[in-house]
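Heads up, the thing below is written out as structure tokens.
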Amino acid sequence: MRSGDDKVFYGWYVVAVAFLTNFVSTGTGFYIFNALMTPLCDQRGWTRTELNAAPAIGLAVGILSSLLYGTLLPRLGPRILMFLGSIVSGFAFASLGLTSHITHFYLFCMLLYMGNGAMSGIVSNTAVSNWFVEKRGRALGLATAGISLSGAVLPLLAMRILDKTDLRGFFLYTGLMAWTLAPVIWLV
């Protein structure tokens with residue numbers, strides 16, 4: 001709160017969006033695969049080793065993309081990168097459900113990690129840091145709490161959704177979840 005004013009400081013809205021992007025990006029890129037391991041292996045005929053390679057490959061690509069985002073961030077700003085990241089992540093995650101060949105799964109996983117990197121990590125932390133000086137530590141702590149919370153919530157939510165729908169539907173719904181962040185990011 002601002003002193004002498006009843007309005008909420010706008011930076012806290014940025015923190016809320018960063019929390020959501022961290023929640024979705026870490027959840028879809030890492031934690032959610034725990035719930036998908038058995039259904040993907042059973043339905044696609046892939047081994048756990050083949051499937052576990054996807055996040056590892058994606059992570060390597062995501063780390064390399066962070067170098068690019070660090071360069072683009074001062075030029076484009078966090079809003080554009082986070083907006084595009086949510087669109088790319090949503091598309092990539094939805095596409096994972098349509099793949100039947102492990103190589104295509106790897107390619108979409110790399111794209112997912114590129115999109116996730118554009119809407120979280122250095123990009124979302126920069127967005128939060130731009131709005132805070134005095135309470136920067138608290139703001140960053142709240143924004144990055146989405147990372148940990150996704151580990152507790154998304155695997156359980158994923159298992160519930162998988163009980164109600166098939167694997168393709170699950171990937172589509174989760175991809176749509178990332179897409180719904182795009183207008184929120186753009187507006188905030």
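Labeling convention for the structure tokens: chains A, B, ... as they appear, residues from 1 per chain, ligands from 1 in order of appearance.
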Determine which residues of chain A receive a DSSP assignment of helix (DSSP H, G or I), computed from the backbone, and state them as a PyMOL selection string. chain A and resi 11-31+33-44+48-76+78-96+102-119+122-129+136-164+167-187
Which residues, written as a count of residues only, have at least one atom at most 9 Å from segment 103-118 of chain A, with only C-alpha atoms counted and residues fewer than 3 positions away on the same chain left out? 46
Nearby residues (only C-alpha atoms) at most 12 Å from Arg48 of chain A, same-chain spacing under 2 positions excluded, as a PDB file with C-alpha atoms, in the first residue's frame:
```pdb
ATOM      1  CA  PHE A  33       6.157 -34.750 -16.214  1.00  0.00           C
ATOM      2  CA  ASN A  34       5.904 -36.853 -13.044  1.00  0.00           C
ATOM      3  CA  LEU A  36       2.714 -37.950 -17.413  1.00  0.00           C
ATOM      4  CA  MET A  37       5.448 -40.567 -17.225  1.00  0.00           C
ATOM      5  CA  THR A  38       3.309 -43.713 -17.021  1.00  0.00           C
ATOM      6  CA  PRO A  39       0.533 -42.627 -19.429  1.00  0.00           C
ATOM      7  CA  LEU A  40       3.028 -41.504 -22.066  1.00  0.00           C
ATOM      8  CA  CYS A  41       5.087 -44.690 -21.784  1.00  0.00           C
ATOM      9  CA  ASP A  42       1.988 -46.881 -21.914  1.00  0.00           C
ATOM     10  CA  ARG A  44       3.165 -44.145 -26.916  1.00  0.00           C
ATOM     11  CA  GLY A  45       5.374 -47.162 -26.277  1.00  0.00           C
ATOM     12  CA  TRP A  46       8.308 -45.024 -25.184  1.00  0.00           C
ATOM     13  CA  GLU A  50      13.537 -41.887 -23.776  1.00  0.00           C
ATOM     14  CA  LEU A  51      10.907 -39.803 -22.068  1.00  0.00           C
ATOM     15  CA  ASN A  52      13.205 -38.485 -19.340  1.00  0.00           C
ATOM     16  CA  ALA A  53      15.591 -37.249 -22.017  1.00  0.00           C
ATOM     17  CA  ALA A  54      12.970 -34.726 -23.180  1.00  0.00           C
ATOM     18  CA  PRO A  55      13.148 -32.416 -20.135  1.00  0.00           C
ATOM     19  CA  ILE A 102       9.806 -39.344 -29.680  1.00  0.00           C
TER      20      ILE A 102
END
```
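Straight-line separation from atom CA of Gly11 of chain A to atom CA of Ile32 of chain A: 29.3 Å.
Atom CA of Val15 of chain A is positioned 5.9 Å from atom CA of Val128 of chain A.
Considering only C-alpha atoms, the residue among A:Gln43, A:Val184, A:Val133, A:Leu20 positioned nearest to His101 of chain A is A:Gln43.
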